[in-house]
Amino acid sequence: IIQRQWWHNAVVYQIYPRSFNDSNGDGIGDIPGIIAKLDHIKQLGAKIIWLSPVFQSPMDDNGYDISDYCAIAPEFGTMADMDRLIAQAAQRGIKIVMDLVVNHTSDQHPWFIESKSSIDNPKRDWYIWKDAKADGSEPNNWESFFTPKAWEFDVSSEQYYLHLFSEKQPDLNWANPEVRDAIYQMMHFWLKKGLGGFRMDVINMIGKPADYPDASIFDQGVAGWEHWANNGLCHQYLREMHDQVLQHYDVLTVGETPFTTPLDGQFYSNPARNELSMIFHFEHVSIDREEHNAVKKDFNLVEYKAIMNKWQTQLQGKGWNSLYWSNHDQPRPVSRYGDDSDALRNRSAKMLGTVLHMMSGTPYVYQGEELAMTNKTFHAIDEFNDLMAKFHYQKMIARGISETQAMDYLNTFSRDHARVPMQWNAEQYAGFSTTEPWLAVNPNYPNINAEVSYADPDSVFYHYQNLIKLRESEAYGDVLVYGQFELIDPEDAEVFAYSRTFGNKKILVIANFTGAALTRHYQAAVQQQVVNNYSDQVEQVQSVLLQPYQALVLDISSD
Ligand code: TEU
Ligand code: CA
């Protein structure tokens, strides 16, 4: 067994500040608004908050384009507000994890403004500037997540700069030791305030090969990733970051790392390698779509189980998993993997929460997931705010897809589903704000909101609260946090069943992923029912009738 860490049995709650709670009536969520709702998170039981960026930013990508790492964006508040948030959270036993966005900065960051000013500026080499090819074209054929090409030409200095995201998010040059040092100093600045750690934005993209070669793989996402994802240099920089910064603090670090396999997961999270606590992989959120091409595919439970099984087993004792259904870039899980109709919304949301929280790793809850908030229907492309939605729309139209089909894709996958305001109560604007919010609320807020959830003992909110308590409990904590994972019936396309074993303790998790009643047979003697999202008592599983979206956690210990 791996050495125990404080973040092993803790649950993380993610806040997207712009959409959480607006305290001053300007339609934008802010830090005082978060402070006012800390008791919501405390009640839920999460011990860590991951705060999406609140730093000074022109907000081209809603804060993932930072122009000053040591200042707070005025629409979110002040540094004093941020200090107060850290202190107020600490009083409730909650630590704050901030978003470290250091693959790129904003093009309005003073570093980039200087870098762009001339070829011989001392900060020129802080970003990635290259000459055009002989024919005047881009330095290589890499693509970007948010634009067709990863290079932008600067007319005045006649060179291209690299941006894996928008052209307003130029990539920093991590090969330059001055850049790395500036980032490490900035990390100390924040960690000294008593942060609980960092979520590191696309951290596996910081190592670019010195020769910037052309991509040759074009059918598996943003062209170029074979060169800039998980490059050996990235691991070297992370070890240096650990040595210079992280080893001096007892913190959680989670790397956001698209294009990773369980072996990469070991490389990043094996404690002996001194890199990160854990990573977010993207395999399970890539089953039902090819994101880069904006193509919808069917969700397939057998594939989902195979993916979770390999991560659960291959990191056992060799690293640490993070567990998530959603975040600020993903649609709402109940709409995506469950059933968001009135009849089955709560049932299926509880089922999804149960299967996630009973696995091994640190679970993440994205704001509103605990209320089973749903995707929203957008009626026209200009109702979206997200720059990725706009880019994907253009791509689809250019490919000859109809407007209706393009809207259908975005109504399934747009990042804005996660970004519509939190639904606090049935008042106008869902209690999020007193004015028209920056992104319109989902009209279903009178029925789906926090106040309704608090008042209903059978709500998804209390179900999540119970799952979080179990992970910290004397009786089931160890088996949930450290127990061995074993997948049952890998080919069953309707039911996800697995067991967790720790010493004499064994639990069985059974989840019906369909809206139909199903009968299943398992060889286990039920000692006790631990969780059930229906009110029946399950005493045996030799032949068990599973109701639509039913989820069971059963103690099947043998002693
Ligand atoms: O996301 C990185 C990333 O790979 C996403 O663009 C991803 O393709 C998609 O959104 C997930 O479905 C991170 C942040 O989480 C995202 O909000 C930022 O826009 C992006 O980096 C740039 O900083
Ligand atoms: Ca505000």
# chains A, B, ... in the order shown; residues from 1 in each chain; ligands from 1
>>> residues_near_ligand(ligand="ligand 2", cutoff="6 Å", atoms="only C-alpha atoms and all ligand atoms", output="PyMOL selection string")
chain A and resi 22-30
>>> write_last_selection(atoms="N, CA and C atoms", output="PDB file, in the first residue's frame")
ATOM      1  N   ASP A  22     -22.905  35.570  -7.708  1.00  0.00           N
ATOM      2  CA  ASP A  22     -22.588  36.986  -7.921  1.00  0.00           C
ATOM      3  C   ASP A  22     -23.006  37.793  -6.693  1.00  0.00           C
ATOM      4  N   SER A  23     -22.033  38.426  -6.028  1.00  0.00           N
ATOM      5  CA  SER A  23     -22.359  39.130  -4.777  1.00  0.00           C
ATOM      6  C   SER A  23     -22.728  40.596  -4.984  1.00  0.00           C
ATOM      7  N   ASN A  24     -22.326  41.180  -6.125  1.00  0.00           N
ATOM      8  CA  ASN A  24     -22.511  42.630  -6.253  1.00  0.00           C
ATOM      9  C   ASN A  24     -23.397  43.038  -7.419  1.00  0.00           C
ATOM     10  N   GLY A  25     -24.143  42.079  -7.946  1.00  0.00           N
ATOM     11  CA  GLY A  25     -25.156  42.418  -8.936  1.00  0.00           C
ATOM     12  C   GLY A  25     -24.632  42.935 -10.265  1.00  0.00           C
ATOM     13  N   ASP A  26     -23.449  42.462 -10.689  1.00  0.00           N
ATOM     14  CA  ASP A  26     -23.007  42.839 -12.043  1.00  0.00           C
ATOM     15  C   ASP A  26     -23.170  41.680 -13.029  1.00  0.00           C
ATOM     16  N   GLY A  27     -23.805  40.612 -12.577  1.00  0.00           N
ATOM     17  CA  GLY A  27     -24.074  39.488 -13.481  1.00  0.00           C
ATOM     18  C   GLY A  27     -22.928  38.502 -13.616  1.00  0.00           C
ATOM     19  N   ILE A  28     -21.838  38.752 -12.871  1.00  0.00           N
ATOM     20  CA  ILE A  28     -20.658  37.882 -12.943  1.00  0.00           C
ATOM     21  C   ILE A  28     -20.355  37.344 -11.549  1.00  0.00           C
ATOM     22  N   GLY A  29     -20.176  36.052 -11.447  1.00  0.00           N
ATOM     23  CA  GLY A  29     -19.815  35.451 -10.161  1.00  0.00           C
ATOM     24  C   GLY A  29     -18.498  36.026  -9.661  1.00  0.00           C
ATOM     25  N   ASP A  30     -18.291  36.007  -8.344  1.00  0.00           N
ATOM     26  CA  ASP A  30     -17.078  36.640  -7.788  1.00  0.00           C
ATOM     27  C   ASP A  30     -16.667  35.970  -6.485  1.00  0.00           C
TER      28      ASP A  30
END
>>> residues_near_ligand(ligand="ligand 1", cutoff="10 Å", atoms="only C-alpha atoms and all ligand atoms", output="PyMOL selection string")
chain A and resi 16+52-53+60-66+99-106+144-146+164-166+169+199-203+205+221-222+256-259+282+285-286+289-292+326-331+386-389+413-415
>>> residues_around(residues="range 229-245 of chain A", least_positions_apart="5", cutoff="9 Å", atoms="only C-alpha atoms", output="ChimeraX atom specification")
/A:174-175,180-181,184-185,187-188,191,203-209,224,257-260,264,267-268,273-276
>>> write_last_selection(atoms="C-alpha atoms", output="mmCIF file, in the first residue's frame")
data_model
loop_
_atom_site.group_PDB
_atom_site.id
_atom_site.type_symbol
_atom_site.label_atom_id
_atom_site.label_comp_id
_atom_site.auth_asym_id
_atom_site.auth_seq_id
_atom_site.Cartn_x
_atom_site.Cartn_y
_atom_site.Cartn_z
ATOM 1 C CA TRP A 174 9.779 26.310 -20.960
ATOM 2 C CA ALA A 175 13.183 25.585 -22.485
ATOM 3 C CA ARG A 180 10.781 28.360 -15.350
ATOM 4 C CA ASP A 181 12.301 30.384 -12.540
ATOM 5 C CA TYR A 184 8.479 28.835 -9.600
ATOM 6 C CA GLN A 185 8.708 32.214 -7.816
ATOM 7 C CA MET A 187 4.116 29.430 -7.214
ATOM 8 C CA HIS A 188 5.935 30.224 -3.949
ATOM 9 C CA LEU A 191 1.731 28.569 -1.732
ATOM 10 C CA ILE A 203 0.728 20.688 -17.899
ATOM 11 C CA ASN A 204 1.723 17.763 -20.110
ATOM 12 C CA MET A 205 2.145 20.166 -23.031
ATOM 13 C CA ILE A 206 4.969 22.296 -21.598
ATOM 14 C CA GLY A 207 7.819 20.227 -23.072
ATOM 15 C CA LYS A 208 8.293 20.983 -26.758
ATOM 16 C CA PRO A 209 11.047 19.239 -28.729
ATOM 17 C CA GLY A 224 1.259 17.891 -33.286
ATOM 18 C CA THR A 257 -3.251 15.819 -19.191
ATOM 19 C CA PRO A 258 -5.103 14.965 -22.397
ATOM 20 C CA PHE A 259 -3.511 12.185 -24.509
ATOM 21 C CA THR A 260 -2.490 10.020 -21.549
ATOM 22 C CA ASP A 264 1.714 7.959 -18.418
ATOM 23 C CA PHE A 267 4.982 8.345 -14.789
ATOM 24 C CA TYR A 268 3.237 11.445 -13.463
ATOM 25 C CA ARG A 273 9.158 9.961 -9.296
ATOM 26 C CA ASN A 274 8.545 13.304 -7.538
ATOM 27 C CA GLU A 275 6.264 14.776 -10.176
ATOM 28 C CA LEU A 276 2.536 15.138 -9.364
#
>>> closest_residue(among="A:Met358, A:Val12, A:Ala87, A:Ala511", to="Gln484 in chain A", atoms="only C-alpha atoms")
A:Met358
>>> closest_residue(among="A:His281, A:Arg419, A:Lys130, A:Lys123", to="Glu178 in chain A", atoms="only C-alpha atoms")
A:Lys123
>>> closest_residue(among="A:Trp151, A:Phe112, A:Tyr482, A:Phe218", to="Met359 in chain A", atoms="only C-alpha atoms")
A:Tyr482
